[in-house]
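This report refers to the structure that appears directly beneath it.
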Amino acid sequence: MEYLSSNKIAVIDLGSSEIAEEELDEGLVRENIGGAGINRYLYHKYESDDPLVIGSGLLTGTLVAGSALAVMTAKSPRTGSLCHAPITLTAGMELKFSGFDYLVIKGVSSKPVFLWLHDGIADIQDAGDLWGKDTWEATESVRKAVGDDLVQVLAIGPAGERGSGLAQVGNNYWASGDTWGFGKLLGRKKLKLIAVRGMGLLEIADPEGFIAQSQELLTEIKGGGWAGKAGIGDILAALGEEDGPSWLAPLIHRHKACFNTPYAANTFVFLDEDPKRMTEPETPEPGMLLTRFSDLLGFKQCGLSALESGRILKECARMGLDGTAVSSLCLKAGLKDLEGIRNFLPGADGPVDGQAAGPFSSFAPGKPLFADFGLAPDGSQDAAWWARRQAVAYLFGIHPLFILMAPELTEEKLLELANLGTGLEVTAETLDQAISEVVRG
Amino acid sequence: MGIKIDPLKCTACMACEMACGYHRDDAFALLSSCIVTYRTKEKKDYFGVVLKEGEYLVIARPEGLEVKKIGVVEEGSKADASAKPMLLREPCDLCSDQADGPLCLRFCPVNAIYQE
């Protein structure tokens with residue numbers, strides 16, 4: 001695969017410590033597009049080894065608006081089904097430029113290890129010193145060890161190490177869209193973290209055409225309903241939690257976007273400094289980046305204040321716990337105070353009600369955000385529409401929230417961009433087939 | 001007619017950096033960009049944009065702009081390691097080969113980069 005690709009799949013066997021490399025065959029891309037489509041193919045190819053597959057979308061890391069997404073695919077410890085979790089912020093982009101398009105991580109290590117991916121090199125390294133650390137400590141340690149603060153870290157905390165079904169794979173210090181308990185899977189594999197740095201280069205089949213189309217698309221997108229809105233609070237309001245913005249407002253420092261994503265979907269709240277402070281904070285850890293609307297909503301519904309919710313979510317992130325799942329269990333158990341919830345965290349586990357049935361993470365809410373997609377007012381089309389939009393996002397590498405905000409990101413335009421970028425001539429029929437297969441799970 | 005940056009509008013999406021990388025390499029890459037999103041102080045939410053203009057670095061911090069001559073460390077100040085990668089890069093040429101002007105400006109989704 002010559003364009004928009006590193007042309008490399010790493011098959012990493014944690015049991016034997018061997019790493020094999022394969023080329024990314026163009027035929028595989030022609031049939032499965034990328035992201036969740038190829039992850040799914042690789043998962044089934046290595047299914048007997050209980051693999052975790054990580055891959056970027058066909059357009060991830062490019063100048064197509066929203067191209068932030070990479071995808072983690074495995075059998076969910078919670079549902080027992082093949083599921084996909086989004087990797088956002090800048091980790092998806094870094095993976096795309098790391099020299100690997102896809103990683104198949106199979107088998108179980110006999111001792112704690114971590115993976116270090118950079119410049120087309122994949123290493124399995126000893127994680128004896130990292131095991132037992134929370135995600136913040138582990139992220140700090142591995143960045144210090146490799147001497148680069150921009151290394152992106154997908155890590156488990158104590159929750160994953162002890163095998164909790166609520167364990168998630170975090171994204172640096174923050175919560176991720178892993179709603180499937182993949183943290184438990186990493187714990188079982190004795191894989192503490194995956195560290196990735198992307199300093200590579202991706203060739204484009206038709207550079208001028210690709211850039212012109214990307215810019216034209218962005219120009220259309222800029223006039224959308226998302227413009228002028230930002231962060232978790234506005235998402236809460238769009239979902240009917242109308243007091244969400246005012247509830248959160250006193251803590252908001254700034255909003256932050258994922259790679260090349262026009263809507264800043266993440267909100268940094270200061271818990272221990274004045275949020276109005278714009279000079280560099282004095283305290284090393286003044287707050288928390290909120291990355292999931294449902295985490296915050298969950299603890300709001302438990303009755304916590306915004307400040308208390310931020311503190312609990314910081315602890316969840318450090319322990320590598322799925323905040324939404326934890327809040328659901330707390331609500332069910334009638335835990336409504338900070339200390340009660342805090343005491344629940346170290347041993348948190350149990351079945352989660354309302355787990356999404358399909359293969360896509362509930363990281364993205366099940367309806368349009370700030371936009372009109374022409375759906376029936378009674379909501380009868382929402383579920384099928386949402387699954388198809390998520391499939392498109394997970395194939396091309398588009399942010400799964402932003403694809404719910406931008407009707408301009410049509411399947412036709414994304415396919416046209418993919419063909420300009422890769423030089424392949426993928427047809428609309430092939431895309432439709434790939435979408436159907438990914439939706440099916 | 002240099003490039004201006006509003007650091008408080010910036011959301012650290014890095015579109016400017018990738019657009020500049022494309023301008024330099026005719027491919028997607030970040031290593032040649034003369035405009036860089038400063039993002040190493042992640043836990044502090046302290047981010048901004050650094051632009052290399054001629055012999056100067058324009059540092060757009062949240063609290064305001066600062067212009068520093070490259071290679072000159074002011075007395076009492078600490079050399080910033082984050083500036084190192086900029087030293088070998090070409091300075092901003094306003095995308096002189098582009099009829100429609102600088103790509104970083106055109107790809108910024110929130111209009112944090114502009115020309116006066």
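Letters A, B, ... mark the chains of the structure tokens in the order given; residue numbers begin at 1 per chain; ligand numbers begin at 1, in order shown.
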Select from chain B every residue with an atom at most 12 Å from any atom of chain A, then for each give the shortest pair of atoms and their distance in Å to one decimal, using only C-alpha atoms, rows by chain and rising number, as a Markdown table.
```
| residue | atom | partner | partner_atom | distance |
| --- | --- | --- | --- | --- |
| B:Pro7 | CA | A:Met278 | CA | 10.4 |
| B:Leu8 | CA | A:Arg254 | CA | 8.5 |
| B:Lys9 | CA | A:His255 | CA | 9.5 |
| B:Cys10 | CA | A:Lys256 | CA | 8.3 |
| B:Thr11 | CA | A:Lys256 | CA | 4.8 |
| B:Ala12 | CA | A:Ala257 | CA | 6.2 |
| B:Cys13 | CA | A:Phe259 | CA | 4.6 |
| B:Met14 | CA | A:Asn260 | CA | 5.9 |
| B:Ala15 | CA | A:Asn260 | CA | 4.8 |
| B:Cys16 | CA | A:Asn260 | CA | 8.6 |
| B:Glu17 | CA | A:Asn260 | CA | 9.7 |
| B:Met18 | CA | A:Leu63 | CA | 7.0 |
| B:Ala19 | CA | A:Leu63 | CA | 6.9 |
| B:Cys20 | CA | A:Leu63 | CA | 10.6 |
| B:Gly21 | CA | A:Leu201 | CA | 9.4 |
| B:Tyr22 | CA | A:Pro207 | CA | 8.8 |
| B:His23 | CA | A:Ile211 | CA | 10.2 |
| B:Arg24 | CA | A:Leu201 | CA | 11.5 |
| B:Asp25 | CA | A:Leu201 | CA | 8.6 |
| B:Asp26 | CA | A:Pro207 | CA | 6.6 |
| B:Ala27 | CA | A:Glu203 | CA | 4.8 |
| B:Phe28 | CA | A:Leu202 | CA | 5.0 |
| B:Ala29 | CA | A:Leu201 | CA | 4.6 |
| B:Leu30 | CA | A:Met199 | CA | 6.9 |
| B:Leu31 | CA | A:Met199 | CA | 6.8 |
| B:Ser32 | CA | A:Met199 | CA | 10.5 |
| B:Thr37 | CA | A:Phe259 | CA | 10.9 |
| B:Tyr38 | CA | A:Leu150 | CA | 10.0 |
| B:Arg39 | CA | A:Leu150 | CA | 7.6 |
| B:Thr40 | CA | A:Asp149 | CA | 5.7 |
| B:Lys41 | CA | A:Asp149 | CA | 8.2 |
| B:Glu42 | CA | A:Tyr173 | CA | 8.7 |
| B:Lys43 | CA | A:Glu285 | CA | 5.8 |
| B:Lys44 | CA | A:Glu285 | CA | 6.1 |
| B:Asp45 | CA | A:Phe268 | CA | 6.8 |
| B:Tyr46 | CA | A:Glu280 | CA | 6.1 |
| B:Phe47 | CA | A:Glu280 | CA | 9.1 |
| B:Gly48 | CA | A:Met278 | CA | 11.0 |
| B:Ala60 | CA | A:Thr279 | CA | 11.8 |
| B:Arg61 | CA | A:Thr279 | CA | 8.1 |
| B:Pro62 | CA | A:Met278 | CA | 5.6 |
| B:Glu63 | CA | A:Met278 | CA | 5.3 |
| B:Gly64 | CA | A:Thr279 | CA | 8.9 |
| B:Leu65 | CA | A:Thr279 | CA | 11.8 |
| B:Ala81 | CA | A:Asp148 | CA | 11.1 |
| B:Ser82 | CA | A:Asp149 | CA | 10.1 |
| B:Gln98 | CA | A:Glu208 | CA | 10.7 |
| B:Ala99 | CA | A:Ala212 | CA | 11.9 |
| B:Asp100 | CA | A:Ala212 | CA | 10.8 |
| B:Leu103 | CA | A:Gln215 | CA | 9.2 |
| B:Cys104 | CA | A:Leu63 | CA | 10.6 |
| B:Leu105 | CA | A:Gln215 | CA | 10.9 |
| B:Arg106 | CA | A:Gln215 | CA | 7.3 |
| B:Phe107 | CA | A:Gln215 | CA | 6.7 |
| B:Cys108 | CA | A:Pro262 | CA | 8.2 |
| B:Pro109 | CA | A:Pro262 | CA | 5.1 |
| B:Val110 | CA | A:Pro262 | CA | 6.8 |
| B:Asn111 | CA | A:Lys222 | CA | 9.7 |
| B:Ala112 | CA | A:Pro262 | CA | 11.5 |
```
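In this model, the gap between CA of Lys367 (chain A) and CA of Ala237 (chain A) comes to 13.1 Å.
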Need the shell around Val58 (chain B): protein/DNA/RNA residues with any atom at most 12 Å away, counting only C-alpha atoms. Skip same-chain ones fewer than 4 positions apart. Format as a PyMOL selection string? chain B and resi 2-7+34-38+48-54+64-70+83+86+91-92
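Near Ala357 (chain A), within 12 Å and counting only C-alpha atoms, sit Ser76, Arg78, Thr79, Gly80, Ser81, Leu82, Cys83, His84, Thr179, Trp180, Ala383, Ala387, Val439, Arg440 and Gly441 of chain A; same-chain residues fewer than 6 positions away were not included.
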Please return, as a ChimeraX atom specification, all residues of region 115-186 of chain A that DSSP assigns to strand (DSSP E or B) on the basis of the backbone. /A:115-118,121-126,152-155,167,170-171,174
Include C-alpha atoms and write out the residues we just selected as a PDB file, in the first residue's frame.
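Below you can see out_18.pdb, which holds the result:
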```
ATOM      1  CA  LEU A 115       5.007  -1.991  23.636  1.00  0.00           C
ATOM      2  CA  TRP A 116       7.041   0.877  22.250  1.00  0.00           C
ATOM      3  CA  LEU A 117       6.247   1.855  18.671  1.00  0.00           C
ATOM      4  CA  HIS A 118       8.159   4.517  16.773  1.00  0.00           C
ATOM      5  CA  ILE A 121      10.139  -0.131  15.018  1.00  0.00           C
ATOM      6  CA  ALA A 122       8.090  -2.191  17.469  1.00  0.00           C
ATOM      7  CA  ASP A 123       9.667  -3.331  20.735  1.00  0.00           C
ATOM      8  CA  ILE A 124       8.356  -5.445  23.562  1.00  0.00           C
ATOM      9  CA  GLN A 125       9.923  -4.091  26.735  1.00  0.00           C
ATOM     10  CA  ASP A 126       9.884  -5.120  30.372  1.00  0.00           C
ATOM     11  CA  GLN A 152       1.109   8.907  23.412  1.00  0.00           C
ATOM     12  CA  VAL A 153       0.284   6.256  25.962  1.00  0.00           C
ATOM     13  CA  LEU A 154      -2.580   3.757  25.980  1.00  0.00           C
ATOM     14  CA  ALA A 155      -2.306   2.326  29.486  1.00  0.00           C
ATOM     15  CA  ALA A 167     -11.237  -1.441  33.463  1.00  0.00           C
ATOM     16  CA  GLY A 170      -6.793   5.116  29.074  1.00  0.00           C
ATOM     17  CA  ASN A 171      -5.432   7.717  26.684  1.00  0.00           C
ATOM     18  CA  TRP A 174      -7.410  10.800  30.475  1.00  0.00           C
TER      19      TRP A 174
END
```
Find the spatial neighbours of region 326-336 of chain A, counting only C-alpha atoms, within a cut-off of 7 Å - ignore same-chain residues fewer than 6 positions away - and output them as an mmCIF file with C-alpha atoms, in the first residue's frame.
```cif
data_model
loop_
_atom_site.group_PDB
_atom_site.id
_atom_site.type_symbol
_atom_site.label_atom_id
_atom_site.label_comp_id
_atom_site.auth_asym_id
_atom_site.auth_seq_id
_atom_site.Cartn_x
_atom_site.Cartn_y
_atom_site.Cartn_z
ATOM 1 C CA GLY A 298 -23.300 9.828 35.214
ATOM 2 C CA PHE A 299 -21.897 11.466 38.318
ATOM 3 C CA CYS A 302 -25.578 10.542 41.182
ATOM 4 C CA GLY A 303 -25.975 13.972 42.735
ATOM 5 C CA LEU A 304 -22.347 15.095 42.825
ATOM 6 C CA VAL A 352 -23.127 -2.857 33.806
#
```
Tell me which of A:Phe396, A:Trp131, A:Phe100, A:Tyr46 sits closest to Gly34 (chain A), counting only C-alpha atoms. A:Phe396
Filtered DSSP result for region 149-264 of chain A, state alpha helix (DSSP H), as JSON, numbers by chain: {"A": [158, 159, 160, 161, 182, 183, 184, 185, 186, 187, 188, 207, 208, 209, 210, 211, 212, 213, 214, 215, 216, 217, 218, 219, 220, 221, 222, 231, 232, 233, 234, 235, 236, 237, 238, 244, 245, 246, 247, 248]}
Could those residues be written to a file, using C-alpha atoms, as a PDB file, in the first residue's frame?
```pdb
ATOM      1  CA  PRO A 158      -4.751  -0.916  38.835  1.00  0.00           C
ATOM      2  CA  ALA A 159      -8.289  -1.769  37.678  1.00  0.00           C
ATOM      3  CA  GLY A 160      -6.998  -3.562  34.581  1.00  0.00           C
ATOM      4  CA  GLU A 161      -4.234  -5.259  36.505  1.00  0.00           C
ATOM      5  CA  PHE A 182     -10.538  -3.760  27.112  1.00  0.00           C
ATOM      6  CA  GLY A 183      -8.483  -2.762  30.153  1.00  0.00           C
ATOM      7  CA  LYS A 184      -9.221  -6.196  31.587  1.00  0.00           C
ATOM      8  CA  LEU A 185      -7.983  -7.790  28.353  1.00  0.00           C
ATOM      9  CA  LEU A 186      -4.676  -5.907  28.554  1.00  0.00           C
ATOM     10  CA  GLY A 187      -4.357  -6.921  32.200  1.00  0.00           C
ATOM     11  CA  ARG A 188      -4.896 -10.563  31.267  1.00  0.00           C
ATOM     12  CA  PRO A 207      -1.679  15.812  -3.321  1.00  0.00           C
ATOM     13  CA  GLU A 208      -3.176  18.878  -4.967  1.00  0.00           C
ATOM     14  CA  GLY A 209      -6.546  17.266  -5.551  1.00  0.00           C
ATOM     15  CA  PHE A 210      -6.668  15.931  -2.011  1.00  0.00           C
ATOM     16  CA  ILE A 211      -5.796  19.277  -0.430  1.00  0.00           C
ATOM     17  CA  ALA A 212      -8.253  21.195  -2.599  1.00  0.00           C
ATOM     18  CA  GLN A 213     -11.092  18.811  -1.746  1.00  0.00           C
ATOM     19  CA  SER A 214     -10.207  18.825   1.953  1.00  0.00           C
ATOM     20  CA  GLN A 215     -10.254  22.588   2.061  1.00  0.00           C
ATOM     21  CA  GLU A 216     -13.512  22.854   0.156  1.00  0.00           C
ATOM     22  CA  LEU A 217     -15.070  20.405   2.594  1.00  0.00           C
ATOM     23  CA  LEU A 218     -13.781  22.329   5.610  1.00  0.00           C
ATOM     24  CA  THR A 219     -15.226  25.538   4.202  1.00  0.00           C
ATOM     25  CA  GLU A 220     -18.656  23.889   4.031  1.00  0.00           C
ATOM     26  CA  ILE A 221     -18.261  22.406   7.499  1.00  0.00           C
ATOM     27  CA  LYS A 222     -17.296  25.717   9.091  1.00  0.00           C
ATOM     28  CA  GLY A 231     -16.729  21.260  24.992  1.00  0.00           C
ATOM     29  CA  ILE A 232     -18.605  18.750  27.082  1.00  0.00           C
ATOM     30  CA  GLY A 233     -21.140  21.229  28.492  1.00  0.00           C
ATOM     31  CA  ASP A 234     -22.623  22.113  25.115  1.00  0.00           C
ATOM     32  CA  ILE A 235     -22.853  18.419  24.253  1.00  0.00           C
ATOM     33  CA  LEU A 236     -24.757  17.803  27.499  1.00  0.00           C
ATOM     34  CA  ALA A 237     -27.149  20.623  26.628  1.00  0.00           C
ATOM     35  CA  ALA A 238     -27.706  19.228  23.137  1.00  0.00           C
ATOM     36  CA  GLY A 244     -25.035  21.173  31.931  1.00  0.00           C
ATOM     37  CA  PRO A 245     -23.149  24.245  30.669  1.00  0.00           C
ATOM     38  CA  SER A 246     -23.922  26.410  33.718  1.00  0.00           C
ATOM     39  CA  TRP A 247     -23.241  23.506  36.118  1.00  0.00           C
ATOM     40  CA  LEU A 248     -19.785  22.986  34.631  1.00  0.00           C
TER      41      LEU A 248
END
```
